[in-house]
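Engineer: Just passing along the structure, written as structure tokens.
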Amino acid sequence: MIPEHQRLLESRSQATPWKKWGPYLSDRQWGTVREDYSADGSAWDYFSHQQSHSRAYRWGEDGLLGISDEKQRLCFGLALWNGKDPVLKERLFGLTGPQGNHAEDVKEYYFYLDSTPTHSYLKALYKYPQAAFPYEQLVAENQRRDKFTPEFELIDTGIFAENRYFDVMVEYAKAAPEDILIQISVTNRGPDPAPLHLLPTLWFRNTWNWGDAVEKPGMYLPHLGQKGLESIAAIASTHADLGQHWLYCEGVAVNGAEITPPVYFTENETNYEALFNVGNSTPYVKDAIHRTVIHGETDAVNPEQRGTKSAAHYVLEIPAGETRQVRLRLSDRPSISHPFGAEFDQILAARVQEADEFYHKVSPFPMNGDRRNVQRQAFAGMMWSKQYYRYDVSRWLQGDPNMPAPPAERLHGRNRQWGHLDADDIISMCDKWEYPWFAAWDLAFHCIPLAMIDPDFAKYQLDIMTREWYMHPNGQIPAYEWAFNDVNPPVHAWATWRVYKIEQRMWGEGDRQFLERVFQKLLLNFTWWVNRKDTEGSNVFEGGFLGMDNVGVFDRSAPLPTGGFLEQSDGTSWMAMYCLNMLVIALELAQKNSVYEDMATKFFEHFVYIADAMNHIGGGKTELWDEEDGFFYDVLHLPHGDRLKLKIRSMVGLVPLFAVETLEPELLDKLPGFKERLEWFEENRPDLSHNIASFTAEGMGRRRLLAVVRPDKLRRVLDKMLDEREFLSPYGIRSLSRHHKDNPYTFYADGSEYRVAYEAAESTTRLFGGNSNWRGPVWFPVNYLLIESLQKFHHYLGDEFLVACPTGSDQVKNLWDVSLDLEERLTRLFLQNADGQRPVFGGAELFQTDPHWQNHILFYEYFNGDNGAGLGASHQTGWTGLVAKLIQQCGRYAAGARQERYFC
């Protein structure tokens, strides 16, 4: 067994806590809902980036390429100063929602390059300009631009001209679970020598100021007193729960002599005097090290060398093109005779080799170096996007005993109905800067690539969302921090089944206890959907915006300008898919417990009713299926009872394809009660099966098909989906048909015009904040589900069912090969083409041509529907990390396993 697999097993059994330390710091804590105690819920304004240097956080910590323990009690991160910036670079800068012309957006360049699942090895890179960071220019220029103009990025300022920047690389390697080697390599990419102040920083999250009788931890400068350690500085820390730790800081050579770095101490306490013009509780506050280094205020730090925040100060003069290294060691060992001896280099080299070995085991298939590099960084992004997430909503609403009472308006504002939610976990974030909080449907997709390398962590993510301290008592799963009440697509059951099957394939056995536990909780969630989102009890669902932001002609979560409500093609299809996911799980559980056979029957029947309703709503006059167009549309239900189809060709009309499942004949033979119910429907309710894919006719391998879309309708939908003039992009399936570029959809109500037109890139509307666009770009999660669906249809229909791909071409393919075509288009986003260009980088020449940039990948939120350029959150590796799974599949097919089922 390779070492990383052994560490995972030890971690699973809790014999050795290999995951106790990891990259659990947020990339941004300021501007989050958790830190917002305003009356009006303006989180961006209440706690700003400017305040973050001087103000202690309540619920979490952020840092630059840092790590922490699993409860974020003790934190380590980098602070940098180029001698010109007005503040230390302790955290990443970006624009708030109101500042950006396309809403919030990080304005830095950093890359997650490697991580094992236990974080036995971690590597990341930050590019730090040598000129003063253009904070004001970035804000002013983006505020000047409108939504029809691209964002103004850091590279657009010219600050990286002549390569005048530092590459700051940090590596972490665990000698033991709490003995972590740290190597920081700083390279001057510019043409001239340049100075850099490097301040590795250790601090405690402030947990003692809020009125919980928490014992205040402390740090101090210990006397090492050992021979051979004269040039080594150390910081000792003591915490009531965490115990003692020491940060050893190696001296650096200056003019041939080993120089011990000075160490500064202060408190992680708010500088109230600077921010609010009121007295401080201590003269030593959060920004003291900043004031000492930049402004020379040596009395700002504690002369007694004690506190709750500390940093060693290295001043490096780096010649052009050269690299300087600083080594540290964070350990629970009070005495290490040679913390930076030969063992240091040996352990670091061993962890690098073990990481290579682990990922080769994950994907042992033939693939070129570029594909392997993209996949490796996708996994790294998944691992680095773990974050300690603490949010006690009841406490947040009521305020803390030692703090002023929050405004009364907060009790009637955001998340007021979620007082039971008490999060205290390591969670996979969407993007630790732009979205440093969980989002339910994003998280479901995260779990697919996560399960490939750490099924236990993936299962934990799905499990906690259904626990009583997350799930609402009424059965709703919290959507995301900004508004837990919003409604995301119900994909939790799908992810649960997929993770179960991935683990089963890896280890030869699935975790039935996990499957059953989550299934039981999802019964509550399914009931919530049925009771809350089916207004007329007709098995046609509303749902709201359902994660696809501005895909509709108006805000689908708000009251409609016409009154009434929407009968949603996607909402109803998601519920049909949910039925099938629960059906498949029930059938699996029924093989060991016959009680679940009844549950399988229940979800089969509910699926049949939903699928029938999609084709019969309104007595057949205004069904969601449009026979003339051969497509599914939302239907507007007006107050006086009329229904009107909203003929927008969008992802809304492709979601019905997701509701598909095949049943193996061997499985039906094992479950005679369920099989009997199928046959009863076949004989007694032909009216319900008339307009859905028949579950009675046997397909390839005598399989049965359950699907909303019959094969004849499937052809018509695919005719549009695979048309390059409509949905088919060189880089996947667009979220809106290109047909609407020249034929925008318009709707008039109360004297106002509502309009949807094809927009390949950023949104030109402020609907849902304007930072996500479902009116043309390519999105990974729905493309991934389309690929799965095509392969399931192929599993039933076989090679004889052929379609033109692209539509109108002479290339005729079966559905399996169509799915492979889509996989290649999606992976093409990140891979170098024949000209050495990566579509994801668009027109950014620095990324496309510079050898120090071109192989560092950014995994964006979504992608330009025409040219593939990355858009939105630049580090949303979460669901875009699905590319790791697609690359693995491509490698497996190349190895000869062409007909291996993708969805198993």
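Labeling convention for the structure tokens: chains A, B, ... as they appear, residues from 1 per chain, ligands from 1 in order of appearance.
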I'd like the neighbourhood of Phe859 in chain A as a list in words, where a residue qualifies if any of its atoms comes within 6 Å (using only C-alpha atoms), though same-chain residues fewer than 5 positions away should be ignored.
Structural biologist: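 Returned residues: Ser874, His875, Gln876 and Thr877 of chain A.
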Engineer: Let me see the file: selected residues, C-alpha atoms, as a PDB file, in the first residue's frame.
Structural biologist:
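As written to disk, selection.pdb reads:
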```
ATOM      1  CA  SER A 874     -11.519  32.368 -10.955  1.00  0.00           C
ATOM      2  CA  HIS A 875     -10.960  29.681  -8.294  1.00  0.00           C
ATOM      3  CA  GLN A 876     -14.325  27.933  -8.289  1.00  0.00           C
ATOM      4  CA  THR A 877     -12.558  24.629  -8.671  1.00  0.00           C
TER       5      THR A 877
END
```
Engineer: Extract, using only C-alpha atoms, all DNA, RNA and protein residues at most 10 Å from Asp750 in chain A, discarding same-chain residues fewer than 3 positions from it, and format them as a CSV table (one decimal) with N, CA and C atoms, in the first residue's frame.
Structural biologist:
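Written output follows (result_34.csv):
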```
chain,number,residue,atom,x,y,z
A,561,PRO,N,-44.1,39.9,-12.2
A,561,PRO,CA,-44.7,41.2,-12.6
A,561,PRO,C,-46.2,41.0,-13.1
A,562,THR,N,-46.5,39.8,-13.5
A,562,THR,CA,-47.8,39.5,-14.0
A,562,THR,C,-48.7,39.0,-12.9
A,753,GLU,N,-40.6,46.3,-20.4
A,753,GLU,CA,-40.1,45.2,-21.3
A,753,GLU,C,-39.1,44.3,-20.5
```
Engineer: Among the residues of range 155-332 of chain A, find those DSSP assigns to alpha helix (DSSP H) from the backbone and print them as a list in words.
Structural biologist: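 Here is the list: Tyr272, Glu273, Ala274, Leu275, Phe276, Ala288, Ile289, His290, Arg291, Thr292, Val293, Ile294 and His295 of chain A.
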Engineer: Which of these, A:Ser231, A:Gln889, A:Thr298, A:Thr157, has the shortest distance to Pro366 in chain A once you count only C-alpha atoms?
Structural biologist: A:Gln889
Engineer: Please build the interface table for range 557-584 of chain A against range 700-716 of chain A with a cut-off of 10 Å, listing for each qualifying residue the nearest atom pair and the distance in Å to one decimal; count only C-alpha atoms, order rows by chain and increasing number, and write it as CSV.
Structural biologist:
```
residue,atom,partner,partner_atom,distance
A:Ser573,CA,A:Val708,CA,7.8
A:Ala576,CA,A:Val708,CA,7.5
A:Met577,CA,A:Ala707,CA,8.7
A:Leu580,CA,A:Leu706,CA,8.0
```
Engineer: Keeping N, CA and C atoms for every residue in the selection just given, could you write it to a file as an mmCIF file, in the first residue's frame?
Structural biologist:
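What ended up in selection.cif:
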```cif
data_model
loop_
_atom_site.group_PDB
_atom_site.id
_atom_site.type_symbol
_atom_site.label_atom_id
_atom_site.label_comp_id
_atom_site.auth_asym_id
_atom_site.auth_seq_id
_atom_site.Cartn_x
_atom_site.Cartn_y
_atom_site.Cartn_z
ATOM 1 N N SER A 573 -38.446 18.860 -13.809
ATOM 2 C CA SER A 573 -37.496 17.830 -14.245
ATOM 3 C C SER A 573 -36.525 17.458 -13.134
ATOM 4 N N ALA A 576 -38.322 15.063 -11.069
ATOM 5 C CA ALA A 576 -38.382 13.741 -11.706
ATOM 6 C C ALA A 576 -37.049 13.018 -11.539
ATOM 7 N N MET A 577 -35.958 13.753 -11.719
ATOM 8 C CA MET A 577 -34.628 13.188 -11.494
ATOM 9 C C MET A 577 -34.462 12.757 -10.037
ATOM 10 N N LEU A 580 -36.040 9.453 -9.431
ATOM 11 C CA LEU A 580 -35.253 8.342 -9.954
ATOM 12 C C LEU A 580 -34.014 8.078 -9.098
#
```
Engineer: Would you pick out the contacts of Trp494 in chain A at 12 Å or less, using only C-alpha atoms, so that residues sharing its chain but fewer than 6 positions from it are not included, and give the list as JSON, numbers by chain?
Structural biologist: {"A": [441, 443, 444, 445, 447, 448, 462, 500, 501, 515, 518, 519, 522, 574, 575, 576, 577, 578, 579, 580, 581, 582, 583, 584, 585, 658, 659, 660, 661, 785, 788, 903, 904]}
Engineer: Can you list every residue in range 90-294 of chain A that DSSP puts in strand (DSSP E or B), as a ChimeraX atom specification?
Structural biologist: /A:94-95,101,103,105-106,110-115,121-129,165-176,179-188,194-204,218-220,233-239,243-249,252-254,257-259,263-266
